[in-house]
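A.B. asks: Below is a structure I'd like to ask you about.
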Amino acid sequence: MIIKVFANLRDICGGVTVEVIPQGNRVMDILEVMIKRFPDLENEILTSNKTLKPFVHVYINGQNIIHADGLETHVHLNDQIAIFPPVAGG
Amino acid sequence: MKDRYSRQTLFPGIGKKGQEKISQKHVLIIGAGALGSGNAEVLTRAGAGKITLIDRDYVEESNLQRQQLYTEEDVWEKLPKAAAAKKRLNAINSDVEIISIIGDATPEVLEDQIKGIDVIIDATDNFETRMAINDISQKYNVPWIYGACVGSFGMSFTIIPGKTPCLNCLLRTIPMQGMTCDTGGIISPAVQMVIAHQTAEALKILAEDYESLRNSFVSFDLWRNQYTSMKMSKAKFSGCLSCGDNRTYPYLDRDSMTKTMLLCGRDTVQIRPPVTGEISLEQLAGQLSTLGYKVKGNPYLLSVEMEKERMVIFKDGRALIHGTKDLTHAKSIYQRILG
């Protein structure tokens, strides 16, 4: 699966997309694979209780997972997944 | 000045009819920093009827690299941005009425200013004000154009009440710690790219060419040469408290706002964020020391030496700003660091 990452997450992941083969079909499974490859990502997006930090948003096909089952939300092979940290500057 | 808008009216998307419409419209720009000054200049040159500009800061030297309306003289005079912007905009186009408001864009101020507004442009540097703009937009059925940038990265989204999802659908909570230009740096081209996206959408709204509006969330990275557009139509959330069936406009409620209070007998302002959560002090300390701030910390708090003030940030997002009694100034320092 191709995951799009934005803003400073690109520095951590070394690019604008990350290709992963998750070990399951939940958002969390994808994040776990990504964190394994880019350990700095963990502190950036997850709290110590393994929940998404309140200022990080994951979208599946344009829908925020907070409106679905959060990190337990199921994903499909063709879904477009994007991880956004909020950008406040202006 | 018959020829003033000739090149713009030659453009088929606008034409003479569109120009006539633009000249009768009123734009509200929240913030007169980088995005605000650029948006205001473009729309002043384009001949909008009226522009109201709200900003609480004064011009500082570090603004000049990207905030296109300001000069060194404005820095020496420590002019409020709204005042300096009005002076420059009047000199650019005397046909446009510029109304400048020096102060915080609180829900009360937004309620006072919203009447007769055709589009709101977001040029703020924090999510709290954006959520208030989002609620006022839904309450009075006025479109608004979100824009933000940091580093070489920028994004924009046009929010049309009743049609597109709103910012609350997209985020649902106010992010505690957004990246700002004071923490992540910024290059001027990223600002200009966001301004271009915002003003193009604004001109479509002012010229009443709603068909041409972009319906996707656009983001780009000018250093990494990446352009992304995401459809957001599925993001509309019927339970949204800002635009859903049972809306309450929660961010127009005073209780949801950042609380500022002057601490008695001390030259200190306390700031309490509207939502509590844990911020990563370690990460923030790293970012701030890279930027040259003197930072000292322990597991409970972080002390940041600034030019005149000292800010102490607690894990729950609460902060004390020492060395000032000015609530608005203190809040501005706070949001500059914590977004």
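Simple scheme: letters A, B, ... for chains in structure tokens order, numbers from 1 for residues in each chain, numbers from 1 for ligands in the order shown.
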Chain A: which residues are strand (DSSP E) by DSSP, as number ranges by chain?
C.D. replies: A: 2-5, 17-19, 57-60, 63-64, 81-84
A.B. asks: I'd like the contact shell of B:Pro274 - 8 Å cut-off, only C-alpha atoms, skipping same-chain residues fewer than 6 positions apart - returned as a PyMOL selection string.
C.D. replies: chain B and resi 255-259
A.B. asks: With a distance cut-off of 6 Å and only C-alpha atoms, select the neighbouring residues of B:Ser152, excluding the residue or stretch itself and same-chain residues fewer than 4 positions from it, and output the selection as JSON, numbers by chain.
C.D. replies: {"B": [187, 190, 221, 222, 223]}
A.B. asks: Among chain A, which ones does DSSP assign to alpha helix (DSSP H) (computed from the backbone)? Answer as a PyMOL selection string.
C.D. replies: chain A and resi 9-13+27-37+40-45
A.B. asks: Okay, now the selection with N, CA and C atoms, as a PDB file, in the first residue's frame?
C.D. replies:
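Now in out31.pdb:
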```pdb
ATOM      1  N   LEU A   9       6.610  15.076   8.439  1.00  0.00           N
ATOM      2  CA  LEU A   9       6.676  13.607   8.396  1.00  0.00           C
ATOM      3  C   LEU A   9       7.489  13.147   7.189  1.00  0.00           C
ATOM      4  N   ARG A  10       7.589  14.021   6.191  1.00  0.00           N
ATOM      5  CA  ARG A  10       8.379  13.667   5.003  1.00  0.00           C
ATOM      6  C   ARG A  10       9.872  13.619   5.317  1.00  0.00           C
ATOM      7  N   ASP A  11      10.295  14.473   6.258  1.00  0.00           N
ATOM      8  CA  ASP A  11      11.709  14.439   6.642  1.00  0.00           C
ATOM      9  C   ASP A  11      12.019  13.111   7.318  1.00  0.00           C
ATOM     10  N   ILE A  12      11.071  12.686   8.161  1.00  0.00           N
ATOM     11  CA  ILE A  12      11.278  11.447   8.906  1.00  0.00           C
ATOM     12  C   ILE A  12      11.244  10.232   7.974  1.00  0.00           C
ATOM     13  N   CYS A  13      10.299  10.250   7.029  1.00  0.00           N
ATOM     14  CA  CYS A  13      10.125   9.083   6.164  1.00  0.00           C
ATOM     15  C   CYS A  13      10.984   9.174   4.899  1.00  0.00           C
ATOM     16  N   VAL A  27      -5.635   0.386  10.427  1.00  0.00           N
ATOM     17  CA  VAL A  27      -4.721   1.529  10.302  1.00  0.00           C
ATOM     18  C   VAL A  27      -3.496   1.295  11.191  1.00  0.00           C
ATOM     19  N   MET A  28      -3.742   0.778  12.405  1.00  0.00           N
ATOM     20  CA  MET A  28      -2.643   0.554  13.346  1.00  0.00           C
ATOM     21  C   MET A  28      -1.594  -0.389  12.764  1.00  0.00           C
ATOM     22  N   ASP A  29      -2.052  -1.387  11.986  1.00  0.00           N
ATOM     23  CA  ASP A  29      -1.090  -2.327  11.384  1.00  0.00           C
ATOM     24  C   ASP A  29      -0.162  -1.606  10.411  1.00  0.00           C
ATOM     25  N   ILE A  30      -0.738  -0.637   9.713  1.00  0.00           N
ATOM     26  CA  ILE A  30       0.074   0.137   8.767  1.00  0.00           C
ATOM     27  C   ILE A  30       1.090   0.980   9.536  1.00  0.00           C
ATOM     28  N   LEU A  31       0.598   1.657  10.595  1.00  0.00           N
ATOM     29  CA  LEU A  31       1.496   2.531  11.353  1.00  0.00           C
ATOM     30  C   LEU A  31       2.631   1.719  11.982  1.00  0.00           C
ATOM     31  N   GLU A  32       2.315   0.523  12.459  1.00  0.00           N
ATOM     32  CA  GLU A  32       3.356  -0.303  13.085  1.00  0.00           C
ATOM     33  C   GLU A  32       4.486  -0.634  12.114  1.00  0.00           C
ATOM     34  N   VAL A  33       4.106  -0.956  10.887  1.00  0.00           N
ATOM     35  CA  VAL A  33       5.128  -1.263   9.885  1.00  0.00           C
ATOM     36  C   VAL A  33       5.954  -0.011   9.579  1.00  0.00           C
ATOM     37  N   MET A  34       5.253   1.115   9.500  1.00  0.00           N
ATOM     38  CA  MET A  34       5.978   2.359   9.201  1.00  0.00           C
ATOM     39  C   MET A  34       6.944   2.720  10.324  1.00  0.00           C
ATOM     40  N   ILE A  35       6.494   2.556  11.564  1.00  0.00           N
ATOM     41  CA  ILE A  35       7.330   2.909  12.719  1.00  0.00           C
ATOM     42  C   ILE A  35       8.552   1.987  12.808  1.00  0.00           C
ATOM     43  N   LYS A  36       8.347   0.745  12.452  1.00  0.00           N
ATOM     44  CA  LYS A  36       9.470  -0.203  12.454  1.00  0.00           C
ATOM     45  C   LYS A  36      10.570   0.296  11.507  1.00  0.00           C
ATOM     46  N   ARG A  37      10.116   0.829  10.367  1.00  0.00           N
ATOM     47  CA  ARG A  37      11.086   1.286   9.378  1.00  0.00           C
ATOM     48  C   ARG A  37      11.638   2.678   9.727  1.00  0.00           C
ATOM     49  N   ASP A  40      11.679   7.198  14.347  1.00  0.00           N
ATOM     50  CA  ASP A  40      11.380   8.555  14.815  1.00  0.00           C
ATOM     51  C   ASP A  40       9.909   8.923  14.629  1.00  0.00           C
ATOM     52  N   LEU A  41       9.248   8.180  13.765  1.00  0.00           N
ATOM     53  CA  LEU A  41       7.846   8.469  13.483  1.00  0.00           C
ATOM     54  C   LEU A  41       6.972   8.269  14.721  1.00  0.00           C
ATOM     55  N   GLU A  42       7.359   7.301  15.555  1.00  0.00           N
ATOM     56  CA  GLU A  42       6.520   6.945  16.699  1.00  0.00           C
ATOM     57  C   GLU A  42       6.263   8.149  17.599  1.00  0.00           C
ATOM     58  N   ASN A  43       7.329   8.824  17.995  1.00  0.00           N
ATOM     59  CA  ASN A  43       7.193   9.969  18.883  1.00  0.00           C
ATOM     60  C   ASN A  43       6.411  11.118  18.223  1.00  0.00           C
ATOM     61  N   GLU A  44       6.456  11.131  16.919  1.00  0.00           N
ATOM     62  CA  GLU A  44       5.801  12.209  16.187  1.00  0.00           C
ATOM     63  C   GLU A  44       4.283  12.009  16.100  1.00  0.00           C
ATOM     64  N   ILE A  45       3.849  10.748  15.990  1.00  0.00           N
ATOM     65  CA  ILE A  45       2.417  10.542  15.740  1.00  0.00           C
ATOM     66  C   ILE A  45       1.657   9.800  16.837  1.00  0.00           C
TER      67      ILE A  45
END
```
A.B. asks: With a distance threshold of 8 Å and counting only C-alpha atoms, extract the residues of chain A near chain B and express them as a PyMOL selection string.
C.D. replies: chain A and resi 7+16+54-57+61-64+66-67+85-90
A.B. asks: Report as a PDB file with all heavy atoms, in the first residue's frame all protein, DNA and RNA residues lying within 12 Å of B:Glu282, evaluated on only C-alpha atoms, omitting residues in the same chain fewer than 5 positions from it.
C.D. replies:
```pdb
ATOM      1  N   ASN A  43       7.329   8.824  17.995  1.00  0.00           N
ATOM      2  CA  ASN A  43       7.193   9.969  18.883  1.00  0.00           C
ATOM      3  C   ASN A  43       6.411  11.118  18.223  1.00  0.00           C
ATOM      4  O   ASN A  43       5.789  11.933  18.884  1.00  0.00           O
ATOM      5  CB  ASN A  43       8.587  10.442  19.298  1.00  0.00           C
ATOM      6  CG  ASN A  43       8.518  11.493  20.385  1.00  0.00           C
ATOM      7  OD1 ASN A  43       7.677  11.391  21.276  1.00  0.00           O
ATOM      8  ND2 ASN A  43       9.371  12.498  20.290  1.00  0.00           N
ATOM      9  N   GLU A  44       6.456  11.131  16.919  1.00  0.00           N
ATOM     10  CA  GLU A  44       5.801  12.209  16.187  1.00  0.00           C
ATOM     11  C   GLU A  44       4.283  12.009  16.100  1.00  0.00           C
ATOM     12  O   GLU A  44       3.525  12.968  16.110  1.00  0.00           O
ATOM     13  CB  GLU A  44       6.406  12.254  14.775  1.00  0.00           C
ATOM     14  CG  GLU A  44       6.311  13.570  14.069  1.00  0.00           C
ATOM     15  CD  GLU A  44       7.141  14.656  14.716  1.00  0.00           C
ATOM     16  OE1 GLU A  44       8.244  14.368  15.265  1.00  0.00           O
ATOM     17  OE2 GLU A  44       6.688  15.798  14.683  1.00  0.00           O
TER      18      GLU A  44
ATOM     19  N   GLN B 287      13.071  21.609  19.011  1.00  0.00           N
ATOM     20  CA  GLN B 287      12.734  22.538  17.926  1.00  0.00           C
ATOM     21  C   GLN B 287      13.185  23.958  18.271  1.00  0.00           C
ATOM     22  O   GLN B 287      13.774  24.661  17.461  1.00  0.00           O
ATOM     23  CB  GLN B 287      11.213  22.595  17.730  1.00  0.00           C
ATOM     24  CG  GLN B 287      10.650  21.448  16.941  1.00  0.00           C
ATOM     25  CD  GLN B 287       9.125  21.500  16.911  1.00  0.00           C
ATOM     26  OE1 GLN B 287       8.486  22.197  17.702  1.00  0.00           O
ATOM     27  NE2 GLN B 287       8.537  20.765  15.994  1.00  0.00           N
ATOM     28  N   LEU B 288      12.891  24.366  19.519  1.00  0.00           N
ATOM     29  CA  LEU B 288      13.177  25.746  19.908  1.00  0.00           C
ATOM     30  C   LEU B 288      14.665  26.003  20.021  1.00  0.00           C
ATOM     31  O   LEU B 288      15.138  27.077  19.652  1.00  0.00           O
ATOM     32  CB  LEU B 288      12.462  26.078  21.221  1.00  0.00           C
ATOM     33  CG  LEU B 288      10.937  26.112  21.126  1.00  0.00           C
ATOM     34  CD1 LEU B 288      10.311  26.264  22.502  1.00  0.00           C
ATOM     35  CD2 LEU B 288      10.468  27.245  20.218  1.00  0.00           C
ATOM     36  N   SER B 289      15.429  25.018  20.514  1.00  0.00           N
ATOM     37  CA  SER B 289      16.867  25.286  20.615  1.00  0.00           C
ATOM     38  C   SER B 289      17.525  25.325  19.243  1.00  0.00           C
ATOM     39  O   SER B 289      18.448  26.093  19.024  1.00  0.00           O
ATOM     40  CB  SER B 289      17.584  24.356  21.595  1.00  0.00           C
ATOM     41  OG  SER B 289      17.089  23.072  21.500  1.00  0.00           O
ATOM     42  N   VAL B 295      16.714  27.418  25.958  1.00  0.00           N
ATOM     43  CA  VAL B 295      15.669  26.583  26.540  1.00  0.00           C
ATOM     44  C   VAL B 295      16.226  25.788  27.706  1.00  0.00           C
ATOM     45  O   VAL B 295      17.310  25.208  27.619  1.00  0.00           O
ATOM     46  CB  VAL B 295      15.143  25.589  25.478  1.00  0.00           C
ATOM     47  CG1 VAL B 295      14.044  24.731  26.043  1.00  0.00           C
ATOM     48  CG2 VAL B 295      14.649  26.329  24.252  1.00  0.00           C
ATOM     49  N   LYS B 296      15.496  25.815  28.823  1.00  0.00           N
ATOM     50  CA  LYS B 296      15.869  24.983  29.967  1.00  0.00           C
ATOM     51  C   LYS B 296      14.644  24.195  30.357  1.00  0.00           C
ATOM     52  O   LYS B 296      13.536  24.713  30.292  1.00  0.00           O
ATOM     53  CB  LYS B 296      16.304  25.870  31.148  1.00  0.00           C
ATOM     54  CG  LYS B 296      17.808  26.024  31.255  1.00  0.00           C
ATOM     55  CD  LYS B 296      18.243  26.364  32.664  1.00  0.00           C
ATOM     56  CE  LYS B 296      17.953  27.801  33.040  1.00  0.00           C
ATOM     57  NZ  LYS B 296      18.549  28.320  34.219  1.00  0.00           N
ATOM     58  N   GLY B 297      14.833  22.939  30.746  1.00  0.00           N
ATOM     59  CA  GLY B 297      13.636  22.191  31.069  1.00  0.00           C
ATOM     60  C   GLY B 297      13.851  21.130  32.111  1.00  0.00           C
ATOM     61  O   GLY B 297      14.971  20.805  32.487  1.00  0.00           O
ATOM     62  N   ASN B 298      12.751  20.637  32.608  1.00  0.00           N
ATOM     63  CA  ASN B 298      12.753  19.452  33.449  1.00  0.00           C
ATOM     64  C   ASN B 298      11.553  18.629  33.002  1.00  0.00           C
ATOM     65  O   ASN B 298      10.849  19.029  32.083  1.00  0.00           O
ATOM     66  CB  ASN B 298      12.728  19.861  34.936  1.00  0.00           C
ATOM     67  CG  ASN B 298      11.477  20.639  35.285  1.00  0.00           C
ATOM     68  OD1 ASN B 298      10.401  20.357  34.756  1.00  0.00           O
ATOM     69  ND2 ASN B 298      11.611  21.608  36.166  1.00  0.00           N
ATOM     70  N   PRO B 299      11.305  17.468  33.592  1.00  0.00           N
ATOM     71  CA  PRO B 299      10.204  16.646  33.061  1.00  0.00           C
ATOM     72  C   PRO B 299       8.833  17.323  33.144  1.00  0.00           C
ATOM     73  O   PRO B 299       7.890  16.873  32.500  1.00  0.00           O
ATOM     74  CB  PRO B 299      10.234  15.396  33.952  1.00  0.00           C
ATOM     75  CG  PRO B 299      11.605  15.352  34.497  1.00  0.00           C
ATOM     76  CD  PRO B 299      12.064  16.754  34.632  1.00  0.00           C
ATOM     77  N   TYR B 300       8.703  18.389  33.903  1.00  0.00           N
ATOM     78  CA  TYR B 300       7.382  18.975  34.105  1.00  0.00           C
ATOM     79  C   TYR B 300       7.152  20.241  33.290  1.00  0.00           C
ATOM     80  O   TYR B 300       6.030  20.612  32.983  1.00  0.00           O
ATOM     81  CB  TYR B 300       7.166  19.304  35.589  1.00  0.00           C
ATOM     82  CG  TYR B 300       7.536  18.143  36.455  1.00  0.00           C
ATOM     83  CD1 TYR B 300       8.757  18.104  37.115  1.00  0.00           C
ATOM     84  CD2 TYR B 300       6.678  17.053  36.562  1.00  0.00           C
ATOM     85  CE1 TYR B 300       9.114  17.008  37.885  1.00  0.00           C
ATOM     86  CE2 TYR B 300       7.024  15.946  37.324  1.00  0.00           C
ATOM     87  CZ  TYR B 300       8.242  15.929  37.986  1.00  0.00           C
ATOM     88  OH  TYR B 300       8.594  14.837  38.724  1.00  0.00           O
ATOM     89  N   LEU B 301       8.228  20.953  33.011  1.00  0.00           N
ATOM     90  CA  LEU B 301       8.044  22.226  32.315  1.00  0.00           C
ATOM     91  C   LEU B 301       9.275  22.588  31.497  1.00  0.00           C
ATOM     92  O   LEU B 301      10.346  21.990  31.633  1.00  0.00           O
ATOM     93  CB  LEU B 301       7.734  23.356  33.317  1.00  0.00           C
ATOM     94  CG  LEU B 301       8.785  23.668  34.385  1.00  0.00           C
ATOM     95  CD1 LEU B 301       9.835  24.643  33.872  1.00  0.00           C
ATOM     96  CD2 LEU B 301       8.104  24.261  35.605  1.00  0.00           C
ATOM     97  N   LEU B 302       9.048  23.591  30.663  1.00  0.00           N
ATOM     98  CA  LEU B 302      10.102  24.055  29.777  1.00  0.00           C
ATOM     99  C   LEU B 302      10.153  25.577  29.913  1.00  0.00           C
ATOM    100  O   LEU B 302       9.118  26.237  29.868  1.00  0.00           O
ATOM    101  CB  LEU B 302       9.683  23.687  28.352  1.00  0.00           C
ATOM    102  CG  LEU B 302      10.740  23.670  27.276  1.00  0.00           C
ATOM    103  CD1 LEU B 302      11.712  22.540  27.560  1.00  0.00           C
ATOM    104  CD2 LEU B 302      10.048  23.412  25.937  1.00  0.00           C
ATOM    105  N   SER B 303      11.347  26.115  30.126  1.00  0.00           N
ATOM    106  CA  SER B 303      11.464  27.563  30.234  1.00  0.00           C
ATOM    107  C   SER B 303      12.190  28.084  28.992  1.00  0.00           C
ATOM    108  O   SER B 303      13.265  27.606  28.649  1.00  0.00           O
ATOM    109  CB  SER B 303      12.241  27.906  31.504  1.00  0.00           C
ATOM    110  OG  SER B 303      12.560  29.271  31.500  1.00  0.00           O
ATOM    111  N   ILE B 313       6.400  26.699  29.817  1.00  0.00           N
ATOM    112  CA  ILE B 313       5.339  25.860  29.254  1.00  0.00           C
ATOM    113  C   ILE B 313       5.236  24.573  30.062  1.00  0.00           C
ATOM    114  O   ILE B 313       6.236  23.897  30.290  1.00  0.00           O
ATOM    115  CB  ILE B 313       5.643  25.498  27.780  1.00  0.00           C
ATOM    116  CG1 ILE B 313       5.926  26.765  26.974  1.00  0.00           C
ATOM    117  CG2 ILE B 313       4.493  24.723  27.157  1.00  0.00           C
ATOM    118  CD1 ILE B 313       6.686  26.496  25.687  1.00  0.00           C
ATOM    119  N   PHE B 314       4.022  24.254  30.453  1.00  0.00           N
ATOM    120  CA  PHE B 314       3.779  23.029  31.214  1.00  0.00           C
ATOM    121  C   PHE B 314       3.313  21.934  30.272  1.00  0.00           C
ATOM    122  O   PHE B 314       2.842  22.206  29.175  1.00  0.00           O
ATOM    123  CB  PHE B 314       2.737  23.283  32.312  1.00  0.00           C
ATOM    124  CG  PHE B 314       3.196  24.298  33.308  1.00  0.00           C
ATOM    125  CD1 PHE B 314       3.082  25.654  33.049  1.00  0.00           C
ATOM    126  CD2 PHE B 314       3.787  23.902  34.495  1.00  0.00           C
ATOM    127  CE1 PHE B 314       3.528  26.602  33.958  1.00  0.00           C
ATOM    128  CE2 PHE B 314       4.234  24.833  35.414  1.00  0.00           C
ATOM    129  CZ  PHE B 314       4.110  26.190  35.140  1.00  0.00           C
ATOM    130  N   LYS B 315       3.411  20.693  30.746  1.00  0.00           N
ATOM    131  CA  LYS B 315       3.072  19.533  29.925  1.00  0.00           C
ATOM    132  C   LYS B 315       1.640  19.549  29.395  1.00  0.00           C
ATOM    133  O   LYS B 315       1.355  19.020  28.332  1.00  0.00           O
ATOM    134  CB  LYS B 315       3.254  18.255  30.763  1.00  0.00           C
ATOM    135  CG  LYS B 315       4.466  17.457  30.379  1.00  0.00           C
ATOM    136  CD  LYS B 315       4.551  16.273  31.300  1.00  0.00           C
ATOM    137  CE  LYS B 315       4.945  15.036  30.536  1.00  0.00           C
ATOM    138  NZ  LYS B 315       5.277  13.951  31.457  1.00  0.00           N
TER     139      LYS B 315
END
```
A.B. asks: Pick out the residues sitting within 8 Å of B:Ala48, and hand them over as a PyMOL selection string; count only C-alpha atoms, and ignore anything fewer than 2 positions along from it in its own chain.
C.D. replies: chain B and resi 22-27+43-46+50-51+96
A.B. asks: Selection from above, N, CA and C atoms, as a tab-separated table (two decimals), in the first residue's frame, can you write it?
C.D. replies:
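Result file selection.tsv:
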```tsv
chain	number	residue	atom	x	y	z
B	22	ILE	N	-16.93	42.08	-8.41
B	22	ILE	CA	-15.80	42.14	-7.48
B	22	ILE	C	-15.79	43.49	-6.77
B	23	SER	N	-16.09	44.54	-7.52
B	23	SER	CA	-16.00	45.91	-6.95
B	23	SER	C	-17.10	46.19	-5.93
B	24	GLN	N	-18.09	45.31	-5.88
B	24	GLN	CA	-19.17	45.53	-4.90
B	24	GLN	C	-19.05	44.62	-3.68
B	25	LYS	N	-17.99	43.84	-3.63
B	25	LYS	CA	-17.91	42.82	-2.58
B	25	LYS	C	-17.02	43.25	-1.41
B	26	HIS	N	-17.28	42.60	-0.29
B	26	HIS	CA	-16.57	42.91	0.95
B	26	HIS	C	-15.84	41.65	1.46
B	27	VAL	N	-14.53	41.75	1.61
B	27	VAL	CA	-13.70	40.61	2.03
B	27	VAL	C	-13.24	40.84	3.46
B	43	LEU	N	-5.98	41.32	-3.51
B	43	LEU	CA	-7.40	41.67	-3.64
B	43	LEU	C	-7.60	43.19	-3.71
B	44	THR	N	-6.68	43.95	-3.13
B	44	THR	CA	-6.73	45.41	-3.27
B	44	THR	C	-6.42	45.79	-4.72
B	45	ARG	N	-5.38	45.17	-5.27
B	45	ARG	CA	-5.03	45.46	-6.67
B	45	ARG	C	-6.14	45.00	-7.60
B	46	ALA	N	-6.83	43.90	-7.24
B	46	ALA	CA	-7.90	43.36	-8.09
B	46	ALA	C	-9.17	44.21	-8.03
B	50	LYS	N	-14.51	46.42	-0.62
B	50	LYS	CA	-14.06	46.73	0.75
B	50	LYS	C	-13.26	45.56	1.28
B	51	ILE	N	-12.25	45.88	2.08
B	51	ILE	CA	-11.49	44.82	2.76
B	51	ILE	C	-11.38	45.18	4.23
B	96	VAL	N	-10.31	51.22	-3.12
B	96	VAL	CA	-10.75	50.14	-2.22
B	96	VAL	C	-10.83	50.68	-0.79
```
A.B. asks: Which residue is closest to B:Asn63? Choose from B:Glu77, B:Ala207, B:Ser188, B:Leu213 and count only C-alpha atoms.
C.D. replies: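 Closest to B:Asn63 of all the choices is B:Ser188.
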A.B. asks: Just checking: using only C-alpha atoms, which residue out of B:Gln68, B:Gln113, B:Thr52, B:Gln8 ends up closest to B:Ile99?
C.D. replies: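 Counting only C-alpha atoms, the residue closest to B:Ile99 is B:Thr52.
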A.B. asks: Just the residues within 8 Å of B:Leu89, please, counting only C-alpha atoms, with nothing from its chain fewer than 5 positions along; format it as a ChimeraX atom specification.
C.D. replies: /B:40-41,44,69,94,98
A.B. asks: May I have the selected residues written with C-alpha atoms, as a PDB file, in the first residue's frame?
C.D. replies:
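What landed in result.pdb:
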```
ATOM      1  CA  ALA B  40      -4.830  41.864   1.014  1.00  0.00           C
ATOM      2  CA  GLU B  41      -2.449  43.201  -1.630  1.00  0.00           C
ATOM      3  CA  THR B  44      -6.735  45.409  -3.269  1.00  0.00           C
ATOM      4  CA  LEU B  69       3.270  45.033   2.857  1.00  0.00           C
ATOM      5  CA  SER B  94      -7.436  54.350  -3.244  1.00  0.00           C
ATOM      6  CA  ILE B  98      -9.748  49.379   3.826  1.00  0.00           C
TER       7      ILE B  98
END
```
A.B. asks: Which is closest to B:Ile102 among B:Asp245, B:Leu53, B:Glu60, B:Asp3, if we use only C-alpha atoms?
C.D. replies: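 Answer, going by the shortest atom-to-atom distance: B:Leu53.
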A.B. asks: Which neighbours of B:Glu111 fall inside 9 Å, counting only C-alpha atoms, when residues of the same chain fewer than 5 positions from it are skipped, and could you give them as a PyMOL selection string?
C.D. replies: chain B and resi 106+136+252
